[in-house]
Amino acid sequence: MINKSQSSLADTYLKFQLNEFTYAALPVQYLHEVVVVPVESIPSIPNMPACVLGLINWRSRIIWVIDLPNMLNLETNNRTCRQHKILVIQAESTALALVVPEIIGTTRLVANDIESPQEKFSSDLVPYLRGWVLQNQEQLLVLDTQAILQSAIFHNN
């Protein structure tokens, strides 16, 4: 729980589920929109990594749709849904649509409470993490939006 003196130092994050046991958060400053779209409205692109679901038209721009749990090498049953919950993130001129299984809501985190991800998480996951916090007895991954936007997974294709 954040006390009053800490609340002014806390930043707002969007909390969501990556899979049944894993929760994560992204800073809302990079979040532009949350949308729900039918699976069939995302045309797939051949010869792309499995985490790249396709492309969508977002505000007259064509952007990549990324299965975030798949990108982070986390198990998920996201493939059986009829609609995708999408977080559109943007920094400078780069935008991505991140598909997540479930959106929980907003939460506030104090930067000093974020623990280092080194030696606690797999080497595949660490480059995309700012760290983690324990919140309500749940481990919450704090994702690095810039690292996700700049990932070589889709920029090298």
# chains A, B, ... in the order shown; residues from 1 in each chain; ligands from 1
$ select_by_dssp --residues "chain A" --states "helix (DSSP H, G or I)" --output "PyMOL selection string"
chain A and resi 4-7+28-30+39-41+68-71+78-80+111-113+126-128+145-149+152-155
$ residues_around --residues "Asn57 of chain A" --least-positions-apart "3" --cutoff "12 Å" --atoms "only C-alpha atoms" --output "PyMOL selection string"
chain A and resi 37+41-43+54+60-65+88+95-97
$ write_last_selection --atoms "N, CA and C atoms" --output "PDB file, in the first residue's frame"
ATOM      1  N   VAL A  37     -10.271  -6.089 -30.764  1.00  0.00           N
ATOM      2  CA  VAL A  37     -10.542  -6.302 -32.189  1.00  0.00           C
ATOM      3  C   VAL A  37     -10.750  -7.785 -32.454  1.00  0.00           C
ATOM      4  N   SER A  41      -9.675  -9.727 -38.065  1.00  0.00           N
ATOM      5  CA  SER A  41      -9.412  -8.402 -38.626  1.00  0.00           C
ATOM      6  C   SER A  41      -7.919  -8.075 -38.693  1.00  0.00           C
ATOM      7  N   ILE A  42      -7.087  -9.018 -38.252  1.00  0.00           N
ATOM      8  CA  ILE A  42      -5.638  -8.803 -38.283  1.00  0.00           C
ATOM      9  C   ILE A  42      -5.032  -9.709 -39.347  1.00  0.00           C
ATOM     10  N   PRO A  43      -4.698  -9.134 -40.502  1.00  0.00           N
ATOM     11  CA  PRO A  43      -4.103  -9.969 -41.554  1.00  0.00           C
ATOM     12  C   PRO A  43      -2.690 -10.409 -41.159  1.00  0.00           C
ATOM     13  N   GLY A  54       0.470  -9.944 -37.099  1.00  0.00           N
ATOM     14  CA  GLY A  54       0.099  -9.292 -38.354  1.00  0.00           C
ATOM     15  C   GLY A  54       0.177  -7.791 -38.235  1.00  0.00           C
ATOM     16  N   SER A  60      -4.787   5.743 -39.060  1.00  0.00           N
ATOM     17  CA  SER A  60      -4.201   5.956 -40.394  1.00  0.00           C
ATOM     18  C   SER A  60      -2.722   5.568 -40.481  1.00  0.00           C
ATOM     19  N   ARG A  61      -2.282   4.733 -39.569  1.00  0.00           N
ATOM     20  CA  ARG A  61      -0.915   4.191 -39.605  1.00  0.00           C
ATOM     21  C   ARG A  61      -1.003   2.678 -39.561  1.00  0.00           C
ATOM     22  N   ILE A  62      -0.140   2.017 -40.289  1.00  0.00           N
ATOM     23  CA  ILE A  62      -0.070   0.563 -40.241  1.00  0.00           C
ATOM     24  C   ILE A  62       0.978   0.188 -39.194  1.00  0.00           C
ATOM     25  N   ILE A  63       0.551  -0.598 -38.181  1.00  0.00           N
ATOM     26  CA  ILE A  63       1.483  -0.982 -37.114  1.00  0.00           C
ATOM     27  C   ILE A  63       1.442  -2.497 -36.892  1.00  0.00           C
ATOM     28  N   TRP A  64       2.549  -3.013 -36.387  1.00  0.00           N
ATOM     29  CA  TRP A  64       2.677  -4.434 -36.074  1.00  0.00           C
ATOM     30  C   TRP A  64       1.795  -4.801 -34.893  1.00  0.00           C
ATOM     31  N   VAL A  65       1.215  -6.005 -34.960  1.00  0.00           N
ATOM     32  CA  VAL A  65       0.460  -6.571 -33.845  1.00  0.00           C
ATOM     33  C   VAL A  65       1.318  -7.698 -33.275  1.00  0.00           C
ATOM     34  N   VAL A  88      -2.052  -0.322 -27.408  1.00  0.00           N
ATOM     35  CA  VAL A  88      -1.262   0.400 -28.400  1.00  0.00           C
ATOM     36  C   VAL A  88      -0.298   1.289 -27.634  1.00  0.00           C
ATOM     37  N   ALA A  95       5.280   2.866 -32.978  1.00  0.00           N
ATOM     38  CA  ALA A  95       4.076   2.384 -32.297  1.00  0.00           C
ATOM     39  C   ALA A  95       3.948   0.885 -32.532  1.00  0.00           C
ATOM     40  N   LEU A  96       3.394   0.197 -31.548  1.00  0.00           N
ATOM     41  CA  LEU A  96       3.130  -1.237 -31.628  1.00  0.00           C
ATOM     42  C   LEU A  96       1.787  -1.528 -30.994  1.00  0.00           C
ATOM     43  N   ALA A  97       1.159  -2.598 -31.466  1.00  0.00           N
ATOM     44  CA  ALA A  97      -0.069  -3.097 -30.862  1.00  0.00           C
ATOM     45  C   ALA A  97       0.297  -4.393 -30.137  1.00  0.00           C
TER      46      ALA A  97
END
$ closest_residue --among "A:Val99, A:Arg82, A:Leu140, A:Pro127" --to "Ile114 of chain A" --atoms "only C-alpha atoms"
A:Leu140
$ select_by_dssp --residues "chain A" --states "strand (DSSP E or B)" --output "ChimeraX atom specification"
/A:10-19,22-27,31-38,52-58,61-67,83-91,94-100,102-110,115,129-135,138-143
$ residues_around --residues "Val52 of chain A" --least-positions-apart "3" --cutoff "10 Å" --atoms "only C-alpha atoms" --output "MDAnalysis selection string"
chainID A and resid 44:49 55 64:68 70:71 97:99 153:154
$ write_last_selection --atoms "N, CA and C atoms" --output "mmCIF file, in the first residue's frame"
data_model
loop_
_atom_site.group_PDB
_atom_site.id
_atom_site.type_symbol
_atom_site.label_atom_id
_atom_site.label_comp_id
_atom_site.auth_asym_id
_atom_site.auth_seq_id
_atom_site.Cartn_x
_atom_site.Cartn_y
_atom_site.Cartn_z
ATOM 1 N N SER A 44 -2.413 -11.697 -41.309
ATOM 2 C CA SER A 44 -1.093 -12.208 -40.950
ATOM 3 C C SER A 44 -0.103 -11.932 -42.070
ATOM 4 N N ILE A 45 1.156 -11.926 -41.692
ATOM 5 C CA ILE A 45 2.246 -11.670 -42.626
ATOM 6 C C ILE A 45 3.121 -12.927 -42.659
ATOM 7 N N PRO A 46 3.358 -13.506 -43.844
ATOM 8 C CA PRO A 46 4.179 -14.717 -43.919
ATOM 9 C C PRO A 46 5.639 -14.441 -43.542
ATOM 10 N N ASN A 47 6.306 -15.491 -43.105
ATOM 11 C CA ASN A 47 7.741 -15.470 -42.793
ATOM 12 C C ASN A 47 8.123 -14.513 -41.677
ATOM 13 N N MET A 48 7.233 -14.337 -40.723
ATOM 14 C CA MET A 48 7.528 -13.498 -39.562
ATOM 15 C C MET A 48 7.632 -14.395 -38.334
ATOM 16 N N PRO A 49 8.305 -13.933 -37.283
ATOM 17 C CA PRO A 49 8.357 -14.709 -36.044
ATOM 18 C C PRO A 49 6.945 -14.978 -35.514
ATOM 19 N N LEU A 55 -0.681 -7.119 -38.983
ATOM 20 C CA LEU A 55 -0.708 -5.660 -39.046
ATOM 21 C C LEU A 55 -2.128 -5.149 -38.830
ATOM 22 N N TRP A 64 2.549 -3.013 -36.387
ATOM 23 C CA TRP A 64 2.677 -4.434 -36.074
ATOM 24 C C TRP A 64 1.795 -4.801 -34.893
ATOM 25 N N VAL A 65 1.215 -6.005 -34.960
ATOM 26 C CA VAL A 65 0.460 -6.571 -33.845
ATOM 27 C C VAL A 65 1.318 -7.698 -33.275
ATOM 28 N N ILE A 66 1.670 -7.566 -32.004
ATOM 29 C CA ILE A 66 2.604 -8.483 -31.354
ATOM 30 C C ILE A 66 1.898 -9.242 -30.232
ATOM 31 N N ASP A 67 2.024 -10.566 -30.239
ATOM 32 C CA ASP A 67 1.543 -11.392 -29.135
ATOM 33 C C ASP A 67 2.586 -11.255 -28.028
ATOM 34 N N LEU A 68 2.318 -10.398 -27.044
ATOM 35 C CA LEU A 68 3.313 -10.067 -26.026
ATOM 36 C C LEU A 68 3.768 -11.281 -25.218
ATOM 37 N N ASN A 70 3.955 -14.357 -26.126
ATOM 38 C CA ASN A 70 4.792 -15.141 -27.032
ATOM 39 C C ASN A 70 6.147 -14.465 -27.222
ATOM 40 N N MET A 71 6.161 -13.160 -27.394
ATOM 41 C CA MET A 71 7.404 -12.417 -27.551
ATOM 42 C C MET A 71 8.314 -12.604 -26.345
ATOM 43 N N ALA A 97 1.159 -2.598 -31.466
ATOM 44 C CA ALA A 97 -0.069 -3.097 -30.862
ATOM 45 C C ALA A 97 0.297 -4.393 -30.137
ATOM 46 N N LEU A 98 0.168 -4.405 -28.823
ATOM 47 C CA LEU A 98 0.522 -5.562 -28.014
ATOM 48 C C LEU A 98 -0.731 -6.309 -27.599
ATOM 49 N N VAL A 99 -0.814 -7.583 -27.963
ATOM 50 C CA VAL A 99 -1.946 -8.419 -27.579
ATOM 51 C C VAL A 99 -1.649 -9.045 -26.221
ATOM 52 N N ILE A 153 13.352 -8.488 -32.699
ATOM 53 C CA ILE A 153 12.467 -9.570 -33.162
ATOM 54 C C ILE A 153 11.724 -9.183 -34.430
ATOM 55 N N PHE A 154 11.238 -7.966 -34.507
ATOM 56 C CA PHE A 154 10.490 -7.553 -35.700
ATOM 57 C C PHE A 154 11.183 -6.476 -36.502
#
$ decode --residues "segment 47-89 of chain A" --atoms "N, CA and C atoms" --output "PDB file, in the first residue's frame"
ATOM      1  N   ASN A  47       6.306 -15.491 -43.105  1.00  0.00           N
ATOM      2  CA  ASN A  47       7.741 -15.470 -42.793  1.00  0.00           C
ATOM      3  C   ASN A  47       8.123 -14.513 -41.677  1.00  0.00           C
ATOM      4  N   MET A  48       7.233 -14.337 -40.723  1.00  0.00           N
ATOM      5  CA  MET A  48       7.528 -13.498 -39.562  1.00  0.00           C
ATOM      6  C   MET A  48       7.632 -14.395 -38.334  1.00  0.00           C
ATOM      7  N   PRO A  49       8.305 -13.933 -37.283  1.00  0.00           N
ATOM      8  CA  PRO A  49       8.357 -14.709 -36.044  1.00  0.00           C
ATOM      9  C   PRO A  49       6.945 -14.978 -35.514  1.00  0.00           C
ATOM     10  N   ALA A  50       6.794 -16.053 -34.743  1.00  0.00           N
ATOM     11  CA  ALA A  50       5.478 -16.459 -34.226  1.00  0.00           C
ATOM     12  C   ALA A  50       4.801 -15.379 -33.393  1.00  0.00           C
ATOM     13  N   CYS A  51       5.570 -14.521 -32.769  1.00  0.00           N
ATOM     14  CA  CYS A  51       4.973 -13.478 -31.924  1.00  0.00           C
ATOM     15  C   CYS A  51       4.357 -12.342 -32.748  1.00  0.00           C
ATOM     16  N   VAL A  52       4.691 -12.247 -34.015  1.00  0.00           N
ATOM     17  CA  VAL A  52       4.123 -11.203 -34.877  1.00  0.00           C
ATOM     18  C   VAL A  52       2.840 -11.749 -35.492  1.00  0.00           C
ATOM     19  N   LEU A  53       1.706 -11.258 -35.009  1.00  0.00           N
ATOM     20  CA  LEU A  53       0.408 -11.754 -35.465  1.00  0.00           C
ATOM     21  C   LEU A  53      -0.015 -11.153 -36.795  1.00  0.00           C
ATOM     22  N   GLY A  54       0.470  -9.944 -37.099  1.00  0.00           N
ATOM     23  CA  GLY A  54       0.099  -9.292 -38.354  1.00  0.00           C
ATOM     24  C   GLY A  54       0.177  -7.791 -38.235  1.00  0.00           C
ATOM     25  N   LEU A  55      -0.681  -7.119 -38.983  1.00  0.00           N
ATOM     26  CA  LEU A  55      -0.708  -5.660 -39.046  1.00  0.00           C
ATOM     27  C   LEU A  55      -2.128  -5.149 -38.830  1.00  0.00           C
ATOM     28  N   ILE A  56      -2.232  -3.948 -38.268  1.00  0.00           N
ATOM     29  CA  ILE A  56      -3.533  -3.276 -38.183  1.00  0.00           C
ATOM     30  C   ILE A  56      -3.365  -1.818 -38.591  1.00  0.00           C
ATOM     31  N   ASN A  57      -4.471  -1.230 -38.982  1.00  0.00           N
ATOM     32  CA  ASN A  57      -4.506   0.188 -39.277  1.00  0.00           C
ATOM     33  C   ASN A  57      -4.931   0.893 -37.994  1.00  0.00           C
ATOM     34  N   TRP A  58      -4.024   1.676 -37.441  1.00  0.00           N
ATOM     35  CA  TRP A  58      -4.299   2.419 -36.204  1.00  0.00           C
ATOM     36  C   TRP A  58      -4.130   3.902 -36.500  1.00  0.00           C
ATOM     37  N   ARG A  59      -5.231   4.623 -36.492  1.00  0.00           N
ATOM     38  CA  ARG A  59      -5.214   6.072 -36.710  1.00  0.00           C
ATOM     39  C   ARG A  59      -4.446   6.445 -37.986  1.00  0.00           C
ATOM     40  N   SER A  60      -4.787   5.743 -39.060  1.00  0.00           N
ATOM     41  CA  SER A  60      -4.201   5.956 -40.394  1.00  0.00           C
ATOM     42  C   SER A  60      -2.722   5.568 -40.481  1.00  0.00           C
ATOM     43  N   ARG A  61      -2.282   4.733 -39.569  1.00  0.00           N
ATOM     44  CA  ARG A  61      -0.915   4.191 -39.605  1.00  0.00           C
ATOM     45  C   ARG A  61      -1.003   2.678 -39.561  1.00  0.00           C
ATOM     46  N   ILE A  62      -0.140   2.017 -40.289  1.00  0.00           N
ATOM     47  CA  ILE A  62      -0.070   0.563 -40.241  1.00  0.00           C
ATOM     48  C   ILE A  62       0.978   0.188 -39.194  1.00  0.00           C
ATOM     49  N   ILE A  63       0.551  -0.598 -38.181  1.00  0.00           N
ATOM     50  CA  ILE A  63       1.483  -0.982 -37.114  1.00  0.00           C
ATOM     51  C   ILE A  63       1.442  -2.497 -36.892  1.00  0.00           C
ATOM     52  N   TRP A  64       2.549  -3.013 -36.387  1.00  0.00           N
ATOM     53  CA  TRP A  64       2.677  -4.434 -36.074  1.00  0.00           C
ATOM     54  C   TRP A  64       1.795  -4.801 -34.893  1.00  0.00           C
ATOM     55  N   VAL A  65       1.215  -6.005 -34.960  1.00  0.00           N
ATOM     56  CA  VAL A  65       0.460  -6.571 -33.845  1.00  0.00           C
ATOM     57  C   VAL A  65       1.318  -7.698 -33.275  1.00  0.00           C
ATOM     58  N   ILE A  66       1.670  -7.566 -32.004  1.00  0.00           N
ATOM     59  CA  ILE A  66       2.604  -8.483 -31.354  1.00  0.00           C
ATOM     60  C   ILE A  66       1.898  -9.242 -30.232  1.00  0.00           C
ATOM     61  N   ASP A  67       2.024 -10.566 -30.239  1.00  0.00           N
ATOM     62  CA  ASP A  67       1.543 -11.392 -29.135  1.00  0.00           C
ATOM     63  C   ASP A  67       2.586 -11.255 -28.028  1.00  0.00           C
ATOM     64  N   LEU A  68       2.318 -10.398 -27.044  1.00  0.00           N
ATOM     65  CA  LEU A  68       3.313 -10.067 -26.026  1.00  0.00           C
ATOM     66  C   LEU A  68       3.768 -11.281 -25.218  1.00  0.00           C
ATOM     67  N   PRO A  69       2.872 -12.139 -24.724  1.00  0.00           N
ATOM     68  CA  PRO A  69       3.368 -13.316 -23.992  1.00  0.00           C
ATOM     69  C   PRO A  69       4.296 -14.185 -24.856  1.00  0.00           C
ATOM     70  N   ASN A  70       3.955 -14.357 -26.126  1.00  0.00           N
ATOM     71  CA  ASN A  70       4.792 -15.141 -27.032  1.00  0.00           C
ATOM     72  C   ASN A  70       6.147 -14.465 -27.222  1.00  0.00           C
ATOM     73  N   MET A  71       6.161 -13.160 -27.394  1.00  0.00           N
ATOM     74  CA  MET A  71       7.404 -12.417 -27.551  1.00  0.00           C
ATOM     75  C   MET A  71       8.314 -12.604 -26.345  1.00  0.00           C
ATOM     76  N   LEU A  72       7.712 -12.699 -25.157  1.00  0.00           N
ATOM     77  CA  LEU A  72       8.464 -12.850 -23.912  1.00  0.00           C
ATOM     78  C   LEU A  72       8.735 -14.316 -23.568  1.00  0.00           C
ATOM     79  N   ASN A  73       8.395 -15.223 -24.504  1.00  0.00           N
ATOM     80  CA  ASN A  73       8.590 -16.670 -24.321  1.00  0.00           C
ATOM     81  C   ASN A  73       7.840 -17.217 -23.116  1.00  0.00           C
ATOM     82  N   LEU A  74       6.603 -16.737 -22.924  1.00  0.00           N
ATOM     83  CA  LEU A  74       5.742 -17.222 -21.848  1.00  0.00           C
ATOM     84  C   LEU A  74       4.630 -18.069 -22.447  1.00  0.00           C
ATOM     85  N   GLU A  75       4.287 -19.144 -21.768  1.00  0.00           N
ATOM     86  CA  GLU A  75       3.181 -20.002 -22.210  1.00  0.00           C
ATOM     87  C   GLU A  75       1.870 -19.236 -22.072  1.00  0.00           C
ATOM     88  N   THR A  76       0.996 -19.394 -23.069  1.00  0.00           N
ATOM     89  CA  THR A  76      -0.320 -18.762 -23.019  1.00  0.00           C
ATOM     90  C   THR A  76      -1.281 -19.528 -23.914  1.00  0.00           C
ATOM     91  N   ASN A  77      -2.559 -19.411 -23.621  1.00  0.00           N
ATOM     92  CA  ASN A  77      -3.578 -20.035 -24.476  1.00  0.00           C
ATOM     93  C   ASN A  77      -4.317 -18.955 -25.262  1.00  0.00           C
ATOM     94  N   ASN A  78      -3.631 -17.878 -25.583  1.00  0.00           N
ATOM     95  CA  ASN A  78      -4.203 -16.722 -26.274  1.00  0.00           C
ATOM     96  C   ASN A  78      -4.703 -17.056 -27.677  1.00  0.00           C
ATOM     97  N   ARG A  79      -4.255 -18.137 -28.274  1.00  0.00           N
ATOM     98  CA  ARG A  79      -4.588 -18.471 -29.661  1.00  0.00           C
ATOM     99  C   ARG A  79      -6.040 -18.920 -29.845  1.00  0.00           C
ATOM    100  N   THR A  80      -6.736 -19.259 -28.773  1.00  0.00           N
ATOM    101  CA  THR A  80      -8.091 -19.778 -28.899  1.00  0.00           C
ATOM    102  C   THR A  80      -9.169 -18.703 -28.765  1.00  0.00           C
ATOM    103  N   CYS A  81      -8.788 -17.470 -28.532  1.00  0.00           N
ATOM    104  CA  CYS A  81      -9.783 -16.421 -28.331  1.00  0.00           C
ATOM    105  C   CYS A  81     -10.311 -15.887 -29.667  1.00  0.00           C
ATOM    106  N   ARG A  82     -11.490 -15.293 -29.613  1.00  0.00           N
ATOM    107  CA  ARG A  82     -12.120 -14.724 -30.816  1.00  0.00           C
ATOM    108  C   ARG A  82     -11.790 -13.250 -30.992  1.00  0.00           C
ATOM    109  N   GLN A  83     -11.410 -12.611 -29.899  1.00  0.00           N
ATOM    110  CA  GLN A  83     -11.067 -11.195 -29.936  1.00  0.00           C
ATOM    111  C   GLN A  83      -9.724 -10.999 -29.239  1.00  0.00           C
ATOM    112  N   HIS A  84      -8.976 -10.006 -29.720  1.00  0.00           N
ATOM    113  CA  HIS A  84      -7.704  -9.664 -29.098  1.00  0.00           C
ATOM    114  C   HIS A  84      -7.860  -8.384 -28.287  1.00  0.00           C
ATOM    115  N   LYS A  85      -7.341  -8.406 -27.076  1.00  0.00           N
ATOM    116  CA  LYS A  85      -7.230  -7.190 -26.266  1.00  0.00           C
ATOM    117  C   LYS A  85      -5.872  -6.600 -26.595  1.00  0.00           C
ATOM    118  N   ILE A  86      -5.886  -5.378 -27.125  1.00  0.00           N
ATOM    119  CA  ILE A  86      -4.668  -4.777 -27.650  1.00  0.00           C
ATOM    120  C   ILE A  86      -4.329  -3.492 -26.894  1.00  0.00           C
ATOM    121  N   LEU A  87      -3.063  -3.392 -26.497  1.00  0.00           N
ATOM    122  CA  LEU A  87      -2.518  -2.179 -25.907  1.00  0.00           C
ATOM    123  C   LEU A  87      -1.682  -1.510 -26.994  1.00  0.00           C
ATOM    124  N   VAL A  88      -2.052  -0.322 -27.408  1.00  0.00           N
ATOM    125  CA  VAL A  88      -1.262   0.400 -28.400  1.00  0.00           C
ATOM    126  C   VAL A  88      -0.298   1.289 -27.634  1.00  0.00           C
ATOM    127  N   ILE A  89       1.003   0.993 -27.815  1.00  0.00           N
ATOM    128  CA  ILE A  89       2.038   1.776 -27.150  1.00  0.00           C
ATOM    129  C   ILE A  89       2.803   2.568 -28.202  1.00  0.00           C
TER     130      ILE A  89
END
